[in-house]
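File shown here: input03.cif, holding mmCIF, C-alpha atoms.
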```cif
data_start
#
loop_
_atom_site.label_atom_id
_atom_site.label_comp_id
_atom_site.auth_asym_id
_atom_site.auth_seq_id
_atom_site.Cartn_x
_atom_site.Cartn_y
_atom_site.Cartn_z
CA MET E 1 0.00 0.00 0.00
CA LYS E 2 1.32 3.41 -0.87
CA GLN E 3 2.27 5.60 2.02
CA ALA E 4 1.31 9.24 2.26
CA SER E 5 2.68 12.07 4.40
CA ILE E 6 0.11 13.91 6.46
CA GLY E 7 1.10 16.61 8.91
CA GLY E 8 4.80 15.70 8.58
CA ARG E 9 4.44 12.00 9.62
CA ARG E 10 4.26 8.88 7.60
CA SER E 11 0.95 7.08 7.25
CA ARG E 12 0.13 3.75 5.75
CA GLY E 13 -3.06 5.13 4.17
CA VAL E 14 -5.32 8.13 3.83
CA SER E 15 -8.94 7.81 4.76
CA PRO E 16 -11.55 9.25 2.35
CA THR E 17 -12.60 11.76 5.00
CA ILE E 18 -9.07 13.11 5.51
CA LYS E 19 -8.48 13.19 1.77
CA ALA E 20 -11.69 15.17 1.17
CA ARG E 21 -10.76 17.67 3.91
CA THR E 22 -7.28 18.06 2.47
CA GLU E 23 -8.66 18.77 -1.01
CA ARG E 24 -11.13 21.29 0.37
CA ASN E 25 -8.41 23.04 2.38
CA HIS E 26 -6.33 23.18 -0.78
CA CYS E 27 -9.25 24.82 -2.60
CA LEU E 28 -9.80 27.39 0.14
CA SER E 29 -6.11 28.15 0.62
CA ASN E 30 -5.80 28.76 -3.12
CA PHE E 31 -8.85 30.99 -3.15
CA ASP E 32 -8.83 33.28 -6.17
CA HIS E 33 -7.69 36.82 -5.33
CA CYS E 34 -8.38 40.09 -7.12
CA SER E 35 -6.45 43.28 -6.51
CA ILE E 36 -7.25 46.68 -7.98
CA LEU E 37 -4.70 49.43 -8.24
CA ILE E 38 -6.40 52.70 -9.01
CA THR E 39 -4.20 55.72 -9.59
CA LEU E 40 -6.56 58.67 -9.71
CA GLU E 41 -3.96 61.13 -10.90
CA HIS E 42 -3.38 59.29 -14.16
CA LEU E 43 -6.61 57.30 -14.21
CA LYS E 44 -4.74 54.03 -14.60
CA PHE E 45 -6.20 50.73 -13.52
CA SER E 46 -4.47 47.42 -13.02
CA ILE E 47 -6.07 44.08 -12.27
CA THR E 48 -4.05 41.08 -11.24
CA HIS E 49 -5.92 37.82 -11.16
CA SER E 50 -4.50 34.45 -10.16
CA ASP E 51 -6.77 31.45 -10.61
CA PRO E 52 -5.60 27.99 -9.56
CA TRP E 53 -8.01 26.47 -12.02
CA SER E 54 -7.00 28.57 -15.01
CA ARG E 55 -3.41 27.34 -14.68
CA ARG E 56 -4.70 23.83 -15.26
CA GLY E 57 -6.65 24.89 -18.29
CA LYS E 58 -10.33 24.37 -18.98
CA LYS E 59 -11.48 20.93 -19.80
CA LYS E 60 -13.34 20.49 -23.01
CA GLY E 61 -17.03 20.30 -22.48
CA ALA E 62 -16.84 21.59 -18.94
CA ARG E 63 -20.20 22.92 -17.90
CA LEU E 64 -20.96 25.87 -15.63
CA ASP E 65 -24.18 25.32 -13.73
CA LEU E 66 -24.87 28.09 -11.23
CA HIS E 67 -28.19 26.61 -10.21
CA ASN E 68 -27.04 23.14 -9.24
CA GLY E 69 -23.57 23.08 -7.73
CA GLU E 70 -23.69 19.35 -6.96
CA GLN E 71 -24.73 18.21 -10.42
CA GLY E 72 -22.89 20.88 -12.45
CA ALA E 73 -19.17 21.67 -12.65
CA VAL E 74 -17.21 24.87 -12.57
CA ASP E 75 -14.25 24.60 -14.91
CA GLY E 76 -14.58 20.87 -14.67
CA VAL E 77 -14.41 20.76 -10.88
CA ARG E 78 -17.24 19.03 -9.12
CA ASP E 79 -16.22 19.43 -5.48
CA PRO E 80 -18.78 21.87 -3.95
CA ALA E 81 -16.22 23.71 -1.79
CA CYS E 82 -13.90 24.25 -4.75
CA GLN E 83 -16.84 25.25 -6.94
CA GLU E 84 -17.84 27.84 -4.37
CA ALA E 85 -14.28 29.19 -4.17
CA THR E 86 -14.13 29.57 -7.94
CA LEU E 87 -17.57 31.15 -8.22
CA THR E 88 -16.71 33.60 -5.44
CA SER E 89 -13.54 34.62 -7.25
CA ARG E 90 -15.53 35.16 -10.45
CA ARG E 91 -17.91 37.41 -8.57
CA CYS E 92 -14.95 39.30 -7.10
CA ILE E 93 -13.55 39.94 -10.57
CA LEU E 94 -16.94 40.99 -11.94
CA VAL E 95 -17.51 43.43 -9.07
CA SER E 96 -13.98 44.79 -9.43
CA ILE E 97 -14.35 45.42 -13.14
CA THR E 98 -17.74 47.02 -12.58
CA MET E 99 -16.24 49.33 -9.93
CA ILE E 100 -13.40 50.30 -12.24
CA PHE E 101 -15.62 51.26 -15.14
CA THR E 102 -18.14 52.97 -12.85
CA HIS E 103 -15.31 55.04 -11.37
CA ALA E 104 -13.96 55.84 -14.82
CA VAL E 105 -17.38 57.11 -15.92
CA ALA E 106 -17.70 59.16 -12.73
CA VAL E 107 -14.27 60.72 -13.20
CA HIS E 108 -15.08 61.50 -16.82
CA ALA E 109 -18.35 63.13 -15.77
CA GLN E 110 -16.54 65.19 -13.13
CA ASP E 111 -14.00 66.33 -15.70
CA ALA E 112 -16.82 67.33 -18.05
CA GLU E 113 -18.62 69.25 -15.30
CA ARG E 114 -15.53 70.91 -13.83
CA ALA E 115 -15.62 74.70 -14.22
CA PRO E 116 -12.82 76.28 -16.26
CA ASP E 117 -9.93 77.69 -14.26
CA THR E 118 -10.69 81.34 -15.02
CA MET E 119 -11.47 84.33 -12.85
CA ALA E 120 -14.90 84.54 -14.51
CA ALA E 121 -15.67 81.06 -13.18
CA ARG E 122 -14.17 81.75 -9.75
CA VAL E 123 -16.22 84.89 -9.11
CA LEU E 124 -19.51 83.15 -9.88
CA ALA E 125 -19.77 82.94 -6.09
CA CYS E 126 -20.40 86.71 -6.25
CA ALA E 127 -23.18 86.41 -8.85
CA SER E 128 -26.12 85.78 -6.54
CA CYS E 129 -25.62 89.19 -4.90
CA HIS E 130 -23.79 91.28 -7.52
CA GLY E 131 -24.87 89.69 -10.80
CA ASP E 132 -22.93 87.39 -13.12
CA LYS E 133 -21.08 90.35 -14.67
CA GLY E 134 -21.03 92.53 -11.58
CA GLN E 135 -23.99 94.55 -12.85
CA GLY E 136 -25.87 94.29 -9.56
CA THR E 137 -29.25 92.73 -8.85
CA ASN E 138 -32.73 93.87 -7.90
CA ASP E 139 -31.71 93.97 -4.25
CA ASP E 140 -31.22 97.59 -3.19
CA TYR E 141 -28.28 96.88 -0.92
CA PHE E 142 -26.01 94.88 -3.24
CA PRO E 143 -24.19 97.37 -5.47
CA ARG E 144 -22.91 97.28 -9.01
CA LEU E 145 -19.23 96.34 -9.20
CA ALA E 146 -18.66 96.35 -12.94
CA GLY E 147 -16.63 99.18 -14.42
CA LYS E 148 -15.55 100.72 -11.12
CA PRO E 149 -11.84 101.59 -10.77
CA ALA E 150 -9.82 98.50 -9.91
CA GLY E 151 -8.03 100.31 -7.08
CA TYR E 152 -11.33 101.17 -5.43
CA LEU E 153 -12.62 97.59 -5.71
CA PHE E 154 -9.36 96.23 -4.31
CA ASN E 155 -9.52 98.63 -1.35
CA GLN E 156 -13.04 97.47 -0.54
CA LEU E 157 -12.14 93.79 -0.77
CA VAL E 158 -9.24 94.36 1.61
CA ALA E 159 -11.49 96.33 3.96
CA PHE E 160 -13.99 93.46 4.11
CA ARG E 161 -11.24 90.86 4.51
CA ASP E 162 -9.56 92.79 7.33
CA GLY E 163 -12.84 93.64 9.06
CA ARG E 164 -12.74 97.40 8.51
CA ARG E 165 -16.02 97.06 6.64
CA LYS E 166 -18.55 94.92 8.47
CA TYR E 167 -20.80 92.54 6.58
CA PRO E 168 -20.51 88.91 7.79
CA PRO E 169 -20.98 87.12 4.43
CA MET E 170 -18.31 89.26 2.78
CA ASN E 171 -16.00 89.05 5.81
CA TYR E 172 -16.32 85.25 5.77
CA LEU E 173 -15.82 84.80 2.02
CA LEU E 174 -12.71 86.95 1.86
CA GLU E 175 -11.10 86.09 5.19
CA PHE E 176 -8.24 83.97 3.84
CA LEU E 177 -7.73 85.44 0.36
CA PRO E 178 -4.31 87.04 -0.27
CA ASP E 179 -3.79 90.48 -1.80
CA PRO E 180 -2.79 89.19 -5.28
CA TYR E 181 -6.02 87.19 -5.53
CA LEU E 182 -8.13 90.17 -4.41
CA LYS E 183 -6.35 92.33 -6.96
CA ALA E 184 -7.16 89.81 -9.71
CA MET E 185 -10.83 89.88 -8.66
CA ALA E 186 -10.82 93.70 -8.70
CA ASP E 187 -9.21 93.80 -12.14
CA TYR E 188 -11.81 91.39 -13.48
CA PHE E 189 -14.84 93.39 -12.32
CA ALA E 190 -13.23 96.69 -13.35
CA SER E 191 -12.94 95.37 -16.91
CA GLU E 192 -16.59 94.34 -17.18
CA GLN E 193 -19.04 96.71 -18.87
CA PRO E 194 -22.57 95.26 -18.71
CA PRO E 195 -25.51 97.60 -19.36
CA PHE E 196 -26.58 99.96 -16.58
CA PRO E 197 -30.03 99.72 -15.02
CA PRO E 198 -32.58 102.41 -15.84
CA PRO E 199 -32.45 105.43 -13.49
CA ALA E 200 -34.72 105.44 -10.47
CA THR E 201 -37.80 107.61 -10.38
CA PRO E 202 -37.46 110.13 -7.52
CA ILE E 203 -40.06 109.82 -4.79
CA VAL E 204 -38.99 112.89 -2.80
CA SER E 205 -40.20 116.47 -3.04
CA ALA E 206 -38.87 118.77 -5.76
CA ALA E 207 -37.21 120.93 -3.10
CA LEU E 208 -35.34 117.96 -1.66
CA LEU E 209 -34.32 116.82 -5.13
CA ALA E 210 -32.98 120.29 -5.86
CA ARG E 211 -30.99 120.20 -2.62
CA GLY E 212 -29.45 116.93 -3.75
CA GLU E 213 -28.41 118.40 -7.09
CA THR E 214 -26.82 121.40 -5.38
CA LEU E 215 -24.82 119.27 -2.97
CA ALA E 216 -23.66 116.98 -5.78
CA THR E 217 -22.63 119.66 -8.25
CA LYS E 218 -21.72 122.67 -6.10
CA GLY E 219 -21.48 121.53 -2.52
CA ASP E 220 -22.28 123.66 0.51
CA PRO E 221 -19.24 125.76 1.45
CA ALA E 222 -21.04 127.27 4.42
CA HIS E 223 -21.13 123.82 6.01
CA ASP E 224 -17.73 122.62 4.72
CA ILE E 225 -19.32 120.22 2.26
CA PRO E 226 -17.41 119.96 -1.03
CA ALA E 227 -19.30 119.02 -4.17
CA CYS E 228 -19.39 115.31 -5.03
CA ALA E 229 -18.24 116.27 -8.54
CA ASN E 230 -14.95 117.60 -7.15
CA CYS E 231 -13.77 114.05 -6.40
CA HIS E 232 -16.10 111.76 -8.37
CA GLY E 233 -15.91 113.71 -11.64
CA PRO E 234 -18.30 116.07 -13.41
CA SER E 235 -20.22 113.08 -14.81
CA PHE E 236 -19.98 111.18 -11.49
CA THR E 237 -18.15 108.25 -13.13
CA GLY E 238 -15.24 108.28 -10.66
CA MET E 239 -11.51 108.78 -11.08
CA GLU E 240 -8.66 106.30 -11.41
CA PRO E 241 -7.33 104.55 -9.53
CA ALA E 242 -9.59 104.45 -6.46
CA ILE E 243 -12.56 106.88 -6.53
CA PRO E 244 -15.78 105.12 -7.56
CA GLY E 245 -18.55 106.23 -9.85
CA LEU E 246 -21.81 107.15 -8.14
CA LEU E 247 -24.26 106.31 -10.93
CA GLY E 248 -26.10 103.04 -11.44
CA LEU E 249 -26.58 102.66 -7.69
CA ARG E 250 -29.95 102.37 -5.96
CA THR E 251 -31.36 105.03 -3.68
CA ASN E 252 -31.33 102.89 -0.54
CA TYR E 253 -27.75 101.75 -1.12
CA ILE E 254 -26.44 105.31 -1.46
CA SER E 255 -28.35 106.36 1.62
CA ALA E 256 -27.06 103.39 3.63
CA GLN E 257 -23.42 104.06 2.68
CA LEU E 258 -23.59 107.77 3.49
CA GLY E 259 -25.16 106.84 6.83
CA ALA E 260 -22.36 104.33 7.48
CA TRP E 261 -19.76 107.04 6.80
CA ARG E 262 -21.54 109.45 9.11
CA TYR E 263 -21.71 107.01 12.01
CA GLY E 264 -18.26 105.50 11.52
CA THR E 265 -19.38 101.96 10.67
CA ARG E 266 -17.68 102.31 7.29
CA THR E 267 -14.16 103.65 7.20
CA ALA E 268 -11.31 104.00 4.72
CA ALA E 269 -7.57 104.51 4.82
CA ALA E 270 -6.55 107.58 6.80
CA PRO E 271 -7.07 110.37 6.26
CA ASP E 272 -10.64 109.23 5.78
CA CYS E 273 -12.01 112.02 3.60
CA MET E 274 -15.47 110.51 3.14
CA GLN E 275 -16.01 110.25 6.86
CA VAL E 276 -15.12 113.94 7.15
CA VAL E 277 -17.54 114.95 4.37
CA ALA E 278 -20.38 112.70 5.50
CA GLY E 279 -20.02 113.98 9.04
CA HIS E 280 -21.25 117.39 7.83
CA LEU E 281 -24.40 116.01 6.17
CA THR E 282 -27.81 116.07 7.79
CA GLU E 283 -30.38 113.31 7.46
CA ASP E 284 -32.20 115.36 4.80
CA ASP E 285 -28.93 115.91 2.95
CA VAL E 286 -28.37 112.17 2.79
CA LYS E 287 -31.89 111.59 1.52
CA ALA E 288 -31.55 114.38 -1.05
CA LEU E 289 -28.21 113.14 -2.42
CA ALA E 290 -29.39 109.52 -2.63
CA ALA E 291 -32.55 110.50 -4.53
CA TRP E 292 -30.78 112.79 -7.00
CA LEU E 293 -27.78 110.55 -7.76
CA SER E 294 -29.90 107.42 -8.27
CA SER E 295 -32.11 109.30 -10.76
CA ARG E 296 -29.21 110.31 -13.06
CA PRO E 297 -28.85 108.62 -16.45
CA MET E 298 -25.47 107.29 -17.46
CA PRO E 299 -23.34 109.45 -19.76
CA SER E 300 -22.23 108.10 -23.12
CA ASN E 301 -18.79 107.36 -21.67
CA PRO E 302 -19.10 105.72 -18.24
CA ALA E 303 -15.35 105.25 -17.76
CA PRO E 304 -13.61 106.85 -14.75
CA VAL E 305 -11.52 109.91 -15.58
CA PRO E 306 -7.73 109.41 -15.57
CA ARG E 307 -5.72 109.70 -12.40
CA GLY E 308 -4.86 113.27 -11.44
CA SER E 309 -7.61 114.78 -13.61
CA LEU E 310 -9.29 116.35 -10.57
CA PRO E 311 -7.59 118.29 -7.77
CA MET E 312 -8.70 116.78 -4.47
CA PRO E 313 -10.44 119.33 -2.20
CA LEU E 314 -9.03 117.67 0.94
CA PRO E 315 -6.50 114.95 1.81
CA CYS E 316 -7.76 111.44 1.07
CA GLY E 317 -5.98 108.23 2.00
CA SER E 318 -7.70 106.24 -0.74
CA GLU E 319 -6.56 108.67 -3.46
CA PRO E 320 -3.33 110.38 -2.46
CA ASN E 321 -2.54 113.56 -4.39
#
```
Can you give me the file's structure in the form of structure tokens?
Amino acid sequence: MKQASIGGRRSRGVSPTIKARTERNHCLSNFDHCSILITLEHLKFSITHSDPWSRRGKKKGARLDLHNGEQGAVDGVRDPACQEATLTSRRCILVSITMIFTHAVAVHAQDAERAPDTMAARVLACASCHGDKGQGTNDDYFPRLAGKPAGYLFNQLVAFRDGRRKYPPMNYLLEFLPDPYLKAMADYFASEQPPFPPPATPIVSAALLARGETLATKGDPAHDIPACANCHGPSFTGMEPAIPGLLGLRTNYISAQLGAWRYGTRTAAAPDCMQVVAGHLTEDDVKALAAWLSSRPMPSNPAPVPRGSLPMPLPCGSEPN
């Protein structure tokens, strides 16, 4: 009788039970394995598959019967434990391949949906309040940004980032943005020229409207109020690099900003000329200026006048002489 070695000792025979267990253990220890290497950066996929049965080769006429493991054979193997091991490995491969192609489709879809790396795409976060081109919205308190001097826009972004201007959404959005990025944002909006909204219809008395026109065009020397035109230009379109235009803004926004200057909740670089001017305005003056400026149509050329075109009536940190 042939001798066999089991567990390192000689035996005169192998019982059918021990032989069956040994074969099953061999099947389980040689369980198929699937490994997936997915490199997202290069979208490369690698599958390694080792199959103890494939090395033996398929037998001709072997039948795969998934419904009857005892009667059918998987790659010519009838042992139920080995059949189960092979079927499990097949499922592993199928799931792995499905995951790979599903991931590939998802990555392709993400690439197709990814926004272009442009400033226009980056500042879409501003669109809900300021419009997709910086033209403003129907909300009275979110101003037009488009076409304003880049230096002015940059100063305001820095003021919000550093907390000198207080508005929590703006303070939060800009908190960690560096100066070069804020400058790029300012340059983008300064270059945009979308259409202006129609002028507002004044809802104040004629006398108050006339007071607004006087303050804007001539000022009130008796009360140390210079004319708005002295700094913002005769057409109120602003001056490079940092004095904004005053047209295309809504009545309530102008009123709110003048009030913020008066009460010190909005400040600028020292010497803060606007805080000085606004401090001399009365409540009626603020209402008159807001009504008159918001009712002005845009001139044919809305561009700010060049730097140095207007002599400043008083020192201004935002626009040094």
Residue IDs satisfying the PyMOL selection byres ((chain E and resi 214) around 12), as number ranges by chain: E: 207-213, 215-221, 225-229, 285, 288-289, 292-293
Take the residues from that selection and write them out as a compact mmCIF listing (two decimals), in the coordinates of the input, keeping C-alpha atoms.
```
# COMPACT_ATOMS: atom_id res chain seq x y z
CA ALA E 207 -37.21 120.93 -3.10
CA LEU E 208 -35.34 117.96 -1.66
CA LEU E 209 -34.32 116.82 -5.13
CA ALA E 210 -32.98 120.29 -5.86
CA ARG E 211 -30.99 120.20 -2.62
CA GLY E 212 -29.45 116.93 -3.75
CA GLU E 213 -28.41 118.40 -7.09
CA LEU E 215 -24.82 119.27 -2.97
CA ALA E 216 -23.66 116.98 -5.78
CA THR E 217 -22.63 119.66 -8.25
CA LYS E 218 -21.72 122.67 -6.10
CA GLY E 219 -21.48 121.53 -2.52
CA ASP E 220 -22.28 123.66 0.51
CA PRO E 221 -19.24 125.76 1.45
CA ILE E 225 -19.32 120.22 2.26
CA PRO E 226 -17.41 119.96 -1.03
CA ALA E 227 -19.30 119.02 -4.17
CA CYS E 228 -19.39 115.31 -5.03
CA ALA E 229 -18.24 116.27 -8.54
CA ASP E 285 -28.93 115.91 2.95
CA ALA E 288 -31.55 114.38 -1.05
CA LEU E 289 -28.21 113.14 -2.42
CA TRP E 292 -30.78 112.79 -7.00
CA LEU E 293 -27.78 110.55 -7.76
```
Do you have the CA of Asp117 (chain E)-CA of Pro244 (chain E) distance handy? 28.8 Å
Exactly which residues make up the result of the PyMOL selection byres ((chain E and resi 279) around 10) on this file, given as a compact mmCIF listing (two decimals) with C-alpha atoms, in the coordinates of the input?
```txt
# COMPACT_ATOMS: atom_id res chain seq x y z
CA ASP E 224 -17.73 122.62 4.72
CA ILE E 225 -19.32 120.22 2.26
CA LEU E 258 -23.59 107.77 3.49
CA GLY E 259 -25.16 106.84 6.83
CA TRP E 261 -19.76 107.04 6.80
CA ARG E 262 -21.54 109.45 9.11
CA TYR E 263 -21.71 107.01 12.01
CA GLY E 264 -18.26 105.50 11.52
CA CYS E 273 -12.01 112.02 3.60
CA MET E 274 -15.47 110.51 3.14
CA GLN E 275 -16.01 110.25 6.86
CA VAL E 276 -15.12 113.94 7.15
CA VAL E 277 -17.54 114.95 4.37
CA ALA E 278 -20.38 112.70 5.50
CA HIS E 280 -21.25 117.39 7.83
CA LEU E 281 -24.40 116.01 6.17
CA THR E 282 -27.81 116.07 7.79
```
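The residue that comes closest to Phe142 (chain E), out of E:Met185, E:Val286, E:Ala256, E:Leu310 and on the basis of all atoms listed in the file, is E:Ala256.
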Step by step, work through what the PyMOL selection byres ((chain E and resi 236) around 12) selects in the shown file, and finish by giving those residues as a count of residues only. 36
So, with all atoms listed in the file as the atoms that count, which of E:Ser191, E:Asn252, E:Thr267, E:Asn171 lies closest to Pro143 (chain E)? E:Asn252
(-19.3, 93.4, -16.6) in this file's frame - what residues fall within 7 Å of it? Use only C-alpha atoms and give the answer as an mmCIF file with C-alpha atoms, in the coordinates of the input.
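The result, written out as part.cif:
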```
data_model
loop_
_atom_site.group_PDB
_atom_site.id
_atom_site.type_symbol
_atom_site.label_atom_id
_atom_site.label_comp_id
_atom_site.auth_asym_id
_atom_site.auth_seq_id
_atom_site.Cartn_x
_atom_site.Cartn_y
_atom_site.Cartn_z
ATOM 1 C CA LYS E 133 -21.080 90.350 -14.670
ATOM 2 C CA GLY E 134 -21.030 92.530 -11.580
ATOM 3 C CA GLN E 135 -23.990 94.550 -12.850
ATOM 4 C CA ALA E 146 -18.660 96.350 -12.940
ATOM 5 C CA GLY E 147 -16.630 99.180 -14.420
ATOM 6 C CA PHE E 189 -14.840 93.390 -12.320
ATOM 7 C CA SER E 191 -12.940 95.370 -16.910
ATOM 8 C CA GLU E 192 -16.590 94.340 -17.180
ATOM 9 C CA GLN E 193 -19.040 96.710 -18.870
ATOM 10 C CA PRO E 194 -22.570 95.260 -18.710
#
```
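If you look at CA of Cys129 (chain E) and CA of Pro306 (chain E), they are 29.0 Å away from each other.
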How big is the axis-aligned box around all listed atoms of region 203-214 of chain E once 8 Å goes on each side, and where's its centre, in Å to one decimal, as JSON?
```
{"center_x": -33.5, "center_y": 115.6, "center_z": -4.4, "size_x": 29.4, "size_y": 27.6, "size_z": 21.4}
```
May I have the residues within 7 Å of Ala290 (chain E) as a list in words, using only C-alpha atoms and disregarding those fewer than 5 positions away in the same chain? Thr251, Ile254 and Ser255 of chain E
Rank E:Ser300, E:Gln156, E:Ser309, E:Ser205 by their smallest atom-to-atom distance to Arg266 (chain E), using only C-alpha atoms, and report the top residue only. E:Gln156
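For the choices E:Thr137, E:Arg114, E:Asp272, E:Val158, the atom-to-atom distance to Phe196 (chain E) is smallest for E:Thr137 when using all atoms listed in the file.
Closest approach to Pro169 (chain E) among E:His223, E:Cys126, E:Ala269, E:Glu113 is made by E:Cys126 (distances from all atoms listed in the file).
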